[in-house]
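J.: Quick one, run-v4.txt (compact mmCIF, C-alpha atoms):
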```
# COMPACT_ATOMS: atom_id res chain seq x y z
CA MET A 167 7.86 17.29 -0.48
CA GLY A 168 11.44 16.43 -1.39
CA ARG A 169 13.79 18.71 -3.17
CA VAL A 170 13.33 16.92 -6.52
CA GLN A 171 9.63 17.22 -7.38
CA LEU A 172 9.96 16.25 -11.04
CA PHE A 173 12.69 14.49 -12.99
CA GLU A 174 11.78 13.25 -16.47
CA ILE A 175 12.90 12.84 -20.09
CA ARG A 176 10.78 14.29 -22.86
CA LEU A 177 11.28 13.56 -26.55
CA SER A 178 10.82 16.35 -29.08
CA HIS A 179 7.36 16.50 -30.71
CA GLY A 180 6.19 13.58 -28.55
CA ARG A 181 7.77 11.03 -30.87
CA VAL A 182 8.02 7.37 -29.94
CA VAL A 183 9.32 5.57 -33.07
CA TYR A 184 12.58 6.48 -34.84
CA SER A 185 14.51 5.19 -37.83
CA PRO A 186 18.17 4.07 -37.77
CA GLY A 187 20.54 6.92 -38.65
CA GLU A 188 18.03 9.52 -37.51
CA PRO A 189 18.71 12.23 -34.87
CA LEU A 190 16.90 11.81 -31.56
CA ALA A 191 16.32 15.02 -29.63
CA GLY A 192 14.62 15.89 -26.37
CA THR A 193 15.01 17.56 -23.00
CA VAL A 194 15.67 16.50 -19.42
CA ARG A 195 13.34 18.41 -17.09
CA VAL A 196 13.93 18.96 -13.37
CA ARG A 197 11.61 20.71 -10.90
CA LEU A 198 13.08 21.49 -7.48
CA GLY A 199 11.46 22.51 -4.20
CA ALA A 200 14.85 23.36 -2.66
CA PRO A 201 18.35 24.02 -4.01
CA LEU A 202 20.17 20.87 -5.12
CA PRO A 203 23.97 20.63 -5.24
CA PHE A 204 25.27 18.17 -7.87
CA ARG A 205 28.50 16.88 -9.30
CA ALA A 206 27.18 16.19 -12.82
CA ILE A 207 23.98 15.82 -14.84
CA ARG A 208 24.22 13.26 -17.63
CA VAL A 209 22.02 11.55 -20.20
CA THR A 210 22.85 8.25 -21.91
CA CYS A 211 21.34 6.68 -25.02
CA THR A 212 21.66 2.89 -25.30
CA GLY A 213 20.49 -0.03 -27.43
CA SER A 214 20.83 -3.64 -26.34
CA CYS A 215 19.33 -7.13 -26.45
CA GLY A 216 18.88 -9.58 -23.58
CA VAL A 217 17.70 -13.21 -23.59
CA SER A 218 16.63 -15.33 -20.63
CA ASN A 219 16.03 -19.05 -20.06
CA LYS A 220 12.74 -18.35 -18.29
CA ALA A 221 9.66 -16.58 -19.53
CA ASN A 222 9.23 -12.98 -18.40
CA ASP A 223 12.50 -13.04 -16.48
CA ALA A 224 14.62 -9.88 -16.64
CA ALA A 225 17.75 -11.71 -15.45
CA TRP A 226 19.40 -12.05 -18.85
CA VAL A 227 21.76 -14.98 -19.40
CA VAL A 228 23.01 -13.60 -22.74
CA GLU A 229 23.25 -9.95 -23.77
CA GLU A 230 24.61 -7.92 -26.64
CA GLY A 231 24.93 -4.16 -27.00
CA TYR A 232 24.38 -2.12 -30.15
CA PHE A 233 25.29 1.42 -29.09
CA SER A 234 25.89 3.54 -26.00
CA SER A 235 26.47 7.30 -26.01
CA SER A 236 26.59 9.76 -23.10
CA LEU A 237 26.29 13.53 -22.89
CA SER A 238 27.16 15.78 -19.98
CA LEU A 239 24.34 18.30 -19.57
CA ALA A 240 25.80 20.23 -16.63
CA ASP A 241 29.04 20.20 -14.66
CA LYS A 242 29.50 20.56 -10.90
CA GLY A 243 27.30 23.18 -9.34
CA SER A 244 23.94 23.77 -7.64
CA LEU A 245 20.46 23.98 -9.14
CA PRO A 246 18.20 26.67 -7.63
CA VAL A 247 14.53 26.21 -6.80
CA GLY A 248 12.23 26.01 -9.84
CA GLU A 249 12.12 24.23 -13.20
CA HIS A 250 15.15 23.52 -15.34
CA SER A 251 15.40 22.07 -18.89
CA PHE A 252 18.49 20.57 -20.43
CA PRO A 253 18.27 19.87 -24.20
CA PHE A 254 20.12 16.96 -25.78
CA GLN A 255 20.47 15.24 -29.15
CA PHE A 256 21.88 11.89 -30.24
CA LEU A 257 22.46 10.43 -33.70
CA LEU A 258 21.08 6.89 -33.82
CA PRO A 259 23.41 4.45 -35.59
CA ALA A 260 22.36 3.19 -39.02
CA THR A 261 22.85 -0.42 -37.89
CA ALA A 262 20.47 -0.28 -34.92
CA PRO A 263 18.03 -3.25 -35.01
CA THR A 264 14.25 -2.95 -34.78
CA SER A 265 12.77 -2.95 -31.27
CA PHE A 266 11.25 -6.23 -30.12
CA GLU A 267 9.68 -7.65 -26.96
CA GLY A 268 8.99 -11.33 -26.34
CA PRO A 269 8.62 -13.59 -23.32
CA PHE A 270 12.23 -14.80 -23.48
CA GLY A 271 14.02 -11.67 -24.58
CA LYS A 272 13.80 -8.20 -26.01
CA ILE A 273 15.62 -5.58 -28.02
CA VAL A 274 15.26 -2.36 -26.08
CA HIS A 275 16.41 1.20 -26.79
CA GLN A 276 16.25 3.73 -24.01
CA LEU A 277 17.46 7.01 -22.55
CA ARG A 278 18.71 7.31 -18.97
CA ALA A 279 19.28 10.57 -17.13
CA THR A 280 21.22 10.88 -13.87
CA ILE A 281 21.81 13.67 -11.35
CA ASP A 282 25.05 12.71 -9.63
CA THR A 283 24.95 14.25 -6.16
CA PRO A 284 27.77 14.74 -3.61
CA ARG A 285 28.79 11.95 -1.26
CA PHE A 286 26.19 10.67 1.21
CA SER A 287 23.40 12.13 -0.91
CA LYS A 288 21.00 10.11 -3.03
CA ASP A 289 21.57 10.15 -6.77
CA HIS A 290 18.47 10.78 -8.90
CA LYS A 291 17.72 8.70 -12.00
CA CYS A 292 15.00 8.43 -14.64
CA SER A 293 14.63 6.60 -17.95
CA ARG A 294 12.56 6.67 -21.11
CA VAL A 295 12.11 3.86 -23.64
CA PHE A 296 11.88 4.67 -27.34
CA TYR A 297 11.46 2.40 -30.34
CA ILE A 298 13.47 1.91 -33.49
CA LEU A 299 11.95 0.59 -36.70
CA SER A 300 14.32 -0.54 -39.43
CA PRO A 301 11.76 -1.14 -42.19
CA LEU A 302 11.95 -4.47 -44.01
CA ASN A 303 11.44 -3.85 -47.71
CA LEU A 304 9.98 -7.09 -49.03
CA ASN A 305 11.26 -6.25 -52.51
CA SER A 306 14.84 -6.67 -51.23
CA ILE A 307 14.22 -10.39 -50.53
CA PRO A 308 15.44 -12.61 -53.40
CA ASP A 309 12.67 -14.26 -55.46
CA ILE A 310 9.97 -12.59 -53.38
CA GLU A 311 7.78 -12.24 -56.48
CA GLN A 312 8.06 -15.93 -57.43
CA PRO A 313 5.13 -18.34 -56.94
CA ASN A 314 4.94 -19.87 -53.48
CA VAL A 315 3.98 -23.53 -54.01
CA ALA A 316 4.67 -26.78 -52.14
CA SER A 317 3.35 -30.31 -52.56
CA ALA A 318 3.36 -33.54 -50.56
CA THR A 319 2.16 -37.09 -51.23
CA LYS A 320 0.95 -39.34 -48.43
CA LYS A 321 0.64 -43.09 -48.99
CA PHE A 322 -1.41 -45.07 -46.49
CA SER A 323 -3.33 -48.28 -45.92
CA TYR A 324 -7.01 -48.58 -45.15
CA LYS A 325 -9.41 -51.47 -44.57
CA LEU A 326 -6.30 -53.51 -43.64
CA VAL A 327 -5.48 -54.70 -47.15
CA LYS A 328 -6.16 -51.69 -49.38
CA THR A 329 -3.72 -48.91 -50.10
CA GLY A 330 -4.15 -45.39 -51.35
CA SER A 331 -2.50 -42.01 -51.48
CA VAL A 332 -3.36 -38.33 -51.18
CA VAL A 333 -1.57 -35.52 -53.02
CA LEU A 334 -1.73 -32.18 -51.23
CA THR A 335 -0.59 -29.03 -53.06
CA ALA A 336 -0.72 -25.60 -51.43
CA SER A 337 0.08 -22.19 -52.87
CA THR A 338 -0.18 -18.51 -51.93
CA ASP A 339 -0.45 -15.49 -54.18
CA LEU A 340 2.77 -13.96 -52.79
CA ARG A 341 5.75 -14.85 -50.66
CA GLY A 342 5.67 -11.68 -48.56
CA TYR A 343 2.99 -9.52 -46.93
CA VAL A 344 2.60 -6.42 -44.79
CA VAL A 345 0.25 -5.80 -41.88
CA GLY A 346 -3.35 -5.51 -43.07
CA GLN A 347 -2.76 -7.33 -46.35
CA VAL A 348 -4.81 -10.34 -47.40
CA LEU A 349 -2.95 -13.64 -47.80
CA ARG A 350 -4.74 -15.71 -50.42
CA LEU A 351 -4.38 -19.44 -50.01
CA ARG A 352 -5.23 -22.24 -52.40
CA ALA A 353 -5.05 -25.96 -51.69
CA ASP A 354 -5.51 -28.73 -54.27
CA ILE A 355 -6.21 -32.18 -52.84
CA GLU A 356 -6.25 -35.35 -54.92
CA ASN A 357 -7.70 -38.26 -52.99
CA GLN A 358 -6.41 -41.34 -54.82
CA SER A 359 -8.14 -43.77 -52.49
CA GLY A 360 -11.53 -45.15 -51.56
CA LYS A 361 -11.47 -43.47 -48.13
CA ASP A 362 -12.66 -39.96 -47.32
CA THR A 363 -10.00 -37.63 -45.91
CA GLY A 364 -10.24 -35.66 -42.71
CA PRO A 365 -10.58 -31.86 -42.69
CA VAL A 366 -7.88 -29.66 -44.21
CA VAL A 367 -6.37 -27.01 -41.90
CA ALA A 368 -4.28 -23.95 -42.79
CA SER A 369 -2.39 -22.04 -40.11
CA LEU A 370 -0.22 -18.96 -40.16
CA LEU A 371 2.59 -19.74 -37.71
CA GLN A 372 5.17 -17.52 -36.03
CA LYS A 373 8.44 -19.01 -34.80
CA VAL A 374 10.71 -16.89 -32.61
CA SER A 375 14.17 -18.32 -31.84
CA TYR A 376 16.09 -17.08 -28.79
CA LYS A 377 19.78 -17.82 -28.39
CA ALA A 378 20.30 -18.27 -24.65
CA LYS A 379 22.54 -20.96 -23.14
CA ARG A 380 20.47 -23.22 -25.35
CA TRP A 381 18.17 -22.34 -28.22
CA ILE A 382 14.61 -21.61 -27.17
CA TYR A 383 11.93 -21.89 -29.84
CA ASP A 384 8.66 -20.09 -29.33
CA VAL A 385 5.93 -21.13 -31.76
CA ARG A 386 2.53 -19.49 -32.00
CA THR A 387 -0.50 -20.03 -34.24
CA ILE A 388 -1.42 -16.57 -35.50
CA ALA A 389 -4.53 -17.50 -37.48
CA GLU A 390 -6.18 -20.77 -38.42
CA VAL A 391 -8.85 -21.81 -40.91
CA GLU A 392 -10.36 -25.27 -41.43
CA GLY A 393 -11.99 -26.70 -44.54
CA ALA A 394 -14.05 -29.81 -45.23
CA GLY A 395 -12.57 -33.20 -46.13
CA VAL A 396 -12.40 -34.75 -49.59
CA LYS A 397 -14.55 -37.71 -50.66
CA ALA A 398 -13.06 -40.93 -51.97
CA TRP A 399 -11.66 -40.82 -55.52
CA ARG A 400 -12.27 -37.10 -55.74
CA ARG A 401 -10.15 -34.07 -56.55
CA ALA A 402 -10.97 -30.91 -54.60
CA GLN A 403 -9.91 -27.28 -54.46
CA TRP A 404 -10.01 -25.07 -51.38
CA GLN A 405 -9.55 -21.30 -51.47
CA GLU A 406 -9.36 -19.12 -48.40
CA GLN A 407 -7.79 -15.88 -47.20
CA ILE A 408 -6.11 -14.74 -43.98
CA LEU A 409 -5.85 -11.10 -42.99
CA VAL A 410 -2.30 -10.48 -41.76
CA PRO A 411 -2.61 -8.97 -38.26
CA ALA A 412 -0.17 -6.63 -36.53
CA LEU A 413 3.03 -8.70 -36.28
CA PRO A 414 6.74 -8.01 -35.83
CA GLN A 415 8.64 -8.14 -39.10
CA SER A 416 10.49 -11.24 -40.28
CA ALA A 417 14.08 -11.47 -39.11
CA LEU A 418 15.73 -8.75 -37.03
CA PRO A 419 18.79 -7.53 -38.97
CA GLY A 420 21.59 -6.46 -36.66
CA CYS A 421 20.53 -8.81 -33.84
CA SER A 422 22.19 -12.21 -33.45
CA LEU A 423 20.21 -13.41 -30.42
CA ILE A 424 16.61 -13.29 -31.68
CA HIS A 425 15.25 -14.42 -35.04
CA ILE A 426 11.66 -14.38 -36.33
CA ASP A 427 10.25 -16.66 -39.03
CA TYR A 428 6.73 -17.08 -40.40
CA PHE A 429 5.21 -20.10 -42.13
CA LEU A 430 1.91 -21.09 -43.66
CA GLN A 431 1.24 -24.71 -42.81
CA VAL A 432 -1.48 -26.64 -44.66
CA SER A 433 -2.31 -30.13 -43.45
CA LEU A 434 -4.82 -32.95 -43.65
CA LYS A 435 -5.81 -34.55 -40.38
CA ALA A 436 -6.44 -38.00 -41.88
CA PRO A 437 -4.35 -39.27 -43.50
CA GLU A 438 -1.71 -36.97 -42.03
CA ALA A 439 -0.16 -34.93 -44.84
CA THR A 440 1.47 -31.55 -44.42
CA VAL A 441 3.10 -28.88 -46.54
CA THR A 442 4.84 -25.79 -45.18
CA LEU A 443 5.33 -22.54 -47.08
CA PRO A 444 7.74 -19.92 -45.69
CA VAL A 445 6.30 -16.41 -45.84
CA PHE A 446 7.79 -13.03 -44.96
CA ILE A 447 6.19 -10.22 -42.97
CA GLY A 448 7.62 -6.82 -43.81
CA ASN A 449 6.91 -3.09 -43.75
CA ILE A 450 7.11 -2.24 -47.46
CA ALA A 451 4.80 -4.27 -49.69
CA VAL A 452 5.82 -6.29 -52.72
CA ASN A 453 5.35 -4.01 -55.73
CA HIS A 454 5.71 -6.68 -58.41
CA ALA A 455 2.76 -8.62 -59.73
CA PRO A 456 3.15 -12.37 -59.10
CA LEU A 457 4.54 -14.24 -62.08
CA SER A 458 1.84 -16.90 -61.79
CA PRO A 459 -1.89 -16.13 -61.95
CA PRO A 460 -3.58 -15.86 -58.56
CA PRO A 461 -5.51 -18.88 -57.31
CA GLY A 462 -8.60 -19.37 -59.46
CA PRO A 463 -10.85 -22.10 -60.73
CA GLY A 464 -8.15 -23.75 -62.83
CA PRO A 465 -5.26 -25.90 -61.55
CA PRO A 466 -1.93 -24.18 -60.81
CA SER A 467 0.90 -24.39 -63.26
CA GLY A 468 2.72 -27.68 -62.93
CA ALA A 469 -0.03 -29.36 -60.90
CA LEU A 470 -0.45 -33.08 -61.25
CA PRO A 471 -3.37 -34.37 -63.34
CA PRO A 472 -6.49 -35.52 -61.53
CA ALA A 473 -6.15 -38.84 -59.75
CA VAL A 474 -7.24 -41.78 -61.90
CA PRO A 475 -7.08 -45.14 -60.08
CA SER A 476 -6.04 -47.93 -62.41
CA ALA A 477 -8.40 -50.52 -61.03
CA PRO A 478 -10.44 -49.58 -57.97
CA PRO A 479 -12.14 -52.44 -56.11
CA GLN A 480 -15.58 -53.36 -57.40
CA GLU A 481 -17.48 -51.93 -54.43
CA GLU A 482 -15.58 -48.66 -54.69
CA ALA A 483 -16.15 -48.42 -58.42
CA GLU A 484 -19.86 -48.92 -57.88
CA ALA A 485 -19.91 -46.22 -55.21
CA VAL A 486 -18.09 -43.79 -57.47
CA ALA A 487 -20.40 -44.54 -60.39
CA GLY A 488 -23.39 -43.42 -58.34
CA GLY A 489 -21.91 -40.01 -57.57
CA PRO A 490 -20.31 -37.15 -59.52
CA HIS A 491 -17.48 -38.00 -61.86
CA PHE A 492 -14.20 -37.96 -59.92
CA LEU A 493 -12.44 -36.03 -62.70
CA ASP A 494 -14.51 -32.94 -61.89
CA PRO A 495 -12.86 -30.85 -59.16
CA VAL A 496 -14.99 -30.12 -56.12
CA SER A 497 -14.89 -26.83 -54.24
CA LEU A 498 -14.41 -27.36 -50.51
CA SER A 499 -16.34 -25.32 -47.97
CA THR A 500 -14.80 -23.67 -44.94
CA LYS A 501 -15.87 -25.12 -41.58
CA SER A 502 -14.26 -22.65 -39.18
CA HIS A 503 -12.00 -19.58 -39.20
CA SER A 504 -10.12 -18.02 -36.30
CA GLN A 505 -10.60 -14.60 -37.92
CA GLN A 506 -13.81 -12.85 -38.82
CA GLN A 507 -14.75 -13.74 -42.39
CA LEU A 508 -13.79 -11.06 -44.88
CA PRO A 509 -16.54 -9.55 -47.04
CA PRO A 510 -16.03 -10.03 -50.81
CA ALA A 511 -15.43 -6.30 -51.28
CA ALA A 512 -12.45 -6.48 -48.94
CA LEU A 513 -10.59 -9.16 -50.84
CA GLY A 514 -9.02 -6.76 -53.31
CA SER A 515 -7.90 -4.19 -50.78
CA VAL A 516 -6.91 -3.81 -47.18
CA PRO A 517 -9.98 -3.39 -44.93
CA GLY A 518 -10.22 -0.55 -42.50
CA PRO A 519 -8.04 2.53 -42.34
CA SER A 520 -4.75 0.74 -42.94
CA GLU A 521 -4.52 0.33 -46.69
CA LEU A 522 -1.55 -0.61 -48.81
CA LEU A 523 -0.03 0.76 -51.93
CA PRO A 524 -1.54 -0.84 -55.05
CA GLN A 525 0.34 -3.85 -56.38
CA ASP A 526 0.68 -2.35 -59.82
CA GLY A 527 2.98 0.32 -58.39
CA SER A 528 0.65 3.21 -59.21
CA PRO A 529 1.31 6.35 -57.18
CA THR A 530 -2.19 6.56 -55.64
CA PRO A 531 -1.55 7.67 -52.04
CA ARG A 532 -3.07 5.51 -49.32
CA PRO A 533 -2.60 5.43 -45.55
CA LEU A 534 0.29 3.26 -44.45
CA PRO A 535 -0.10 0.23 -42.17
CA PRO A 536 0.79 0.49 -38.48
CA PRO A 537 4.51 1.37 -38.37
CA LEU A 538 5.70 -0.88 -35.56
CA CYS A 539 4.59 -4.01 -33.75
CA VAL A 540 6.85 -4.79 -30.82
CA SER A 541 5.30 -7.72 -28.97
CA THR A 542 4.60 -11.28 -30.11
CA GLY A 543 1.68 -11.72 -27.71
CA ALA A 544 0.89 -14.99 -25.96
CA THR A 545 3.24 -17.77 -26.96
CA VAL A 546 3.95 -21.40 -26.16
CA PRO A 547 7.69 -22.01 -25.74
CA TYR A 548 9.55 -25.17 -26.57
CA PHE A 549 13.15 -26.04 -25.73
CA ALA A 550 15.84 -28.03 -27.51
CA GLU A 551 19.54 -28.37 -26.77
CA GLY A 552 21.93 -30.38 -28.94
CA SER A 553 20.69 -33.95 -29.31
CA GLY A 554 18.92 -33.96 -25.94
CA GLU A 555 15.24 -34.45 -25.41
CA PRO A 556 12.94 -31.47 -25.93
CA VAL A 557 11.40 -30.17 -22.71
CA PRO A 558 7.88 -28.73 -22.85
CA THR A 559 7.04 -25.78 -20.66
CA THR A 560 4.63 -25.81 -17.74
CA SER A 561 2.51 -23.16 -19.46
CA THR A 562 -1.25 -23.75 -19.33
CA LEU A 563 -1.42 -22.85 -23.02
CA VAL A 564 -1.54 -25.84 -25.35
CA LEU A 565 -0.41 -25.97 -28.95
CA PRO A 566 -3.03 -27.08 -31.47
CA PRO A 567 -2.41 -30.54 -33.00
CA GLU A 568 0.37 -30.79 -35.56
CA TYR A 569 2.12 -27.56 -34.59
CA SER A 570 5.55 -27.37 -33.00
CA ALA A 571 9.11 -26.60 -34.11
CA TRP A 572 10.67 -27.72 -37.36
CA GLY A 573 13.74 -27.52 -39.57
CA TYR A 574 13.50 -24.40 -41.71
CA PRO A 575 12.44 -24.56 -44.46
CA ASP A 576 13.13 -28.11 -45.67
CA GLU A 577 10.82 -30.20 -43.52
CA ALA A 578 7.34 -29.84 -42.09
CA PRO A 579 6.87 -29.53 -38.33
CA PRO A 580 6.24 -32.73 -36.38
CA SER A 581 3.24 -33.09 -34.13
CA TYR A 582 3.37 -31.63 -30.63
CA GLU A 583 3.42 -35.14 -29.14
CA GLN A 584 6.33 -36.14 -31.37
CA SER A 585 8.31 -33.00 -30.54
CA CYS A 586 8.04 -33.71 -26.81
CA GLY A 587 8.82 -37.40 -27.15
CA GLY A 588 12.58 -37.26 -27.57
CA ALA A 589 13.12 -36.75 -31.29
CA ASP A 590 16.33 -35.02 -32.35
CA LEU A 591 15.06 -32.03 -34.28
CA GLY A 592 18.39 -30.41 -35.12
CA LEU A 593 16.95 -26.95 -35.51
CA THR A 594 19.08 -24.13 -36.74
CA PRO A 595 17.26 -20.81 -36.44
CA GLY A 596 17.82 -18.29 -39.14
CA SER A 597 19.57 -20.74 -41.43
```
Output the file's structure in the form of structure tokens.

T.:
Amino acid sequence: MGRVQLFEIRLSHGRVVYSPGEPLAGTVRVRLGAPLPFRAIRVTCTGSCGVSNKANDAAWVVEEGYFSSSLSLADKGSLPVGEHSFPFQFLLPATAPTSFEGPFGKIVHQLRATIDTPRFSKDHKCSRVFYILSPLNLNSIPDIEQPNVASATKKFSYKLVKTGSVVLTASTDLRGYVVGQVLRLRADIENQSGKDTGPVVASLLQKVSYKAKRWIYDVRTIAEVEGAGVKAWRRAQWQEQILVPALPQSALPGCSLIHIDYFLQVSLKAPEATVTLPVFIGNIAVNHAPLSPPPGPGPPSGALPPAVPSAPPQEEAEAVAGGPHFLDPVSLSTKSHSQQQLPPAALGSVPGPSELLPQDGSPTPRPLPPPLCVSTGATVPYFAEGSGEPVPTTSTLVLPPEYSAWGYPDEAPPSYEQSCGGADLGLTPGS
């Protein structure tokens, strides 16, 4: 065996995740089978971000550093046979951003140790990655406790000469959530036409923006649920819930190259109508009760009155007369859900071992959610540069209909076909 049988970095108490401004301590361990002369033994602690134009490519085209500190553990000398330990400690800066890993870039914090040997001898190196979590307190976001409501009206023609419209209103119980929390969704649909609508679909979307030589937008559908359509001249309500999975937090304070946004998109497939609600994913739950009552059987505050056509065609009026009165709201059923359906008992609390603090702010201790989620998982990237045409990737993954990139948060995302057809999207991440 060689002279260096073991060369590694160990962190005190086996820790992996640290907070900004916290001390990081550990030891560099060396085991030798023969004496080893050296010029210096050093350890360096660094934090940096790199972004690439290609997925899973470590050749960064843009980089930024956050901190870099070095310690000399031993000066010129010779290490005898046996094991040697060199303790070290660094103070992590308070501005260090949260660790993140995605297909087009990452924020990485790591330790590197080096044994600098005399000339013509091989230097010895080792490294150890650690993670930083700068918790996002949802209560620090302005208006986080306000109702989250959006509405859209779609006018369309059917049967060549007839016209109608659909009013789609979507709301959530909160604007921000933590991992393991239940997002409660409500959609009110007013079908002011004699044509049945297509299914209603709600999706929790993640958009990661990478600032390389051009902006790269990576959009992923985190969870999706589909409800039934609405009959002609009917008003319907649809209530569902999505369990927030392990996700990186919204935004990445301290990093200017990567930005993370989340949205809840609710859309009708026919006629095409879409509303988009921005939501925040954080680490510390909202401790204020929402100012508006949670979705229930009654209409939300400020909702439009039920649709009342002034003079529906005779055949439509006859069809309506034979069915339930259109003023009575109908409860829509759920057709499919990308997540396992939640049992009723789980709707008021976080299922499983990861439970949240109660929303009323009571001090009842509960286990905290997972502290850190680094990776975004499988994603479908999408490119845009200036006013040029968007270029889809060659990935075998395909975006579901109606999901792509969009202006945040003023307009709903275009369809995937539209986004790849040359439209000027003018996206500005993090605006």

J.: Would you place a box with edges along x, y and z of the file around all atoms of stretch 258-266 of chain A listed there, add 3 Å to each of its six sides, and report the centre and edge lengths in Å to one decimal, as JSON?

T.:
```
{"center_x": 17.3, "center_y": 0.3, "center_z": -34.6, "size_x": 18.2, "size_y": 19.1, "size_z": 14.9}
```

J.: So that I can see what lies close to stretch 279-294 of chain A, please list as a list in words the residues with an atom at most 7 Å from it, counting all atoms listed in the file and leaving out residues fewer than 2 positions away in the same chain.

T.: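 Within the cut-off, the hits are Phe173, Glu174, Ile175, Pro203, Phe204, Arg205, Ala206, Ile207, Arg208, Val209, Thr210, Gln276, Leu277 and Phe296 of chain A.
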
J.: Within 6 Å of A:Ala336, counting all atoms listed in the file, which residues qualify if same-chain residues fewer than 5 places away don't, as a PyMOL selection string?

T.: chain A and resi 315-316+352-353

J.: If you count all atoms listed in the file, which residues fall within 9 Å of A:Gln405, apart from same-chain ones fewer than 2 positions away, as number ranges by chain?

T.: A: 350-354, 403, 407, 461-462, 497-500

J.: State, in Å with one decimal place, the distance from atom CA of A:Gly448 to atom CA of A:Ser416.

T.: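 So the two atoms, atom CA of A:Gly448 and atom CA of A:Ser416, lie 6.3 Å apart.
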
J.: Determine the nearest neighbour of A:Phe266 from the options A:Asn305, A:Gln415, A:Asn449, A:Gln347, counting all atoms listed in the file.

T.: A:Gln415

J.: So which residues touch stretch 421-438 of chain A within 7 Å, counting only C-alpha atoms, skipping near sequence neighbours fewer than 5 positions away, as a VMD selection string?

T.: chain A and resid 263 336 363 to 377 416 443 to 446 595 to 596

J.: Write out as a PDB file with C-alpha atoms, keeping the file's coordinate frame each polymer residue whose atoms come within 9 Å of A:Lys220, counting only C-alpha atoms; drop sequence neighbours fewer than 5 positions from it.

T.:
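Contents of selection.pdb, as written:
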```
ATOM      1  CA  ALA A 225      17.750 -11.710 -15.450  1.00  0.00           C
ATOM      2  CA  PRO A 269       8.620 -13.590 -23.320  1.00  0.00           C
ATOM      3  CA  PHE A 270      12.230 -14.800 -23.480  1.00  0.00           C
TER       4      PHE A 270
END
```

J.: Rank A:Lys242, A:Lys501, A:His179, A:Arg380 by their smallest atom-to-atom distance to A:Trp404, using only C-alpha atoms, and report the top residue only.

T.: A:Lys501

J.: When you count only C-alpha atoms, which of these residues is closest to A:Leu349: A:Pro411, A:Pro253, A:Gly192, A:Gly180?

T.: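 Nearest to A:Leu349: A:Pro411.
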
J.: Mind giving me the straight-line distance from atom CA of A:Ala262 to atom CA of A:Pro419 in Å, one decimal?

T.: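 Answer for the atom CA of A:Ala262 to atom CA of A:Pro419 separation: 8.5 Å.
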
J.: Expressed in Å to a single decimal, how great is the separation between atom CA of A:Val228 and atom CA of A:Gly271?

T.: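 Calculated distance between atom CA of A:Val228 and atom CA of A:Gly271 is 9.4 Å.
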
J.: Would you mind telling me which residue in A:Val345, A:Leu302, A:Ala412, A:Val295 lies nearest to A:Arg278 when using only C-alpha atoms?

T.: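 When distances to A:Arg278 are compared using only C-alpha atoms, the smallest one comes from A:Val295.
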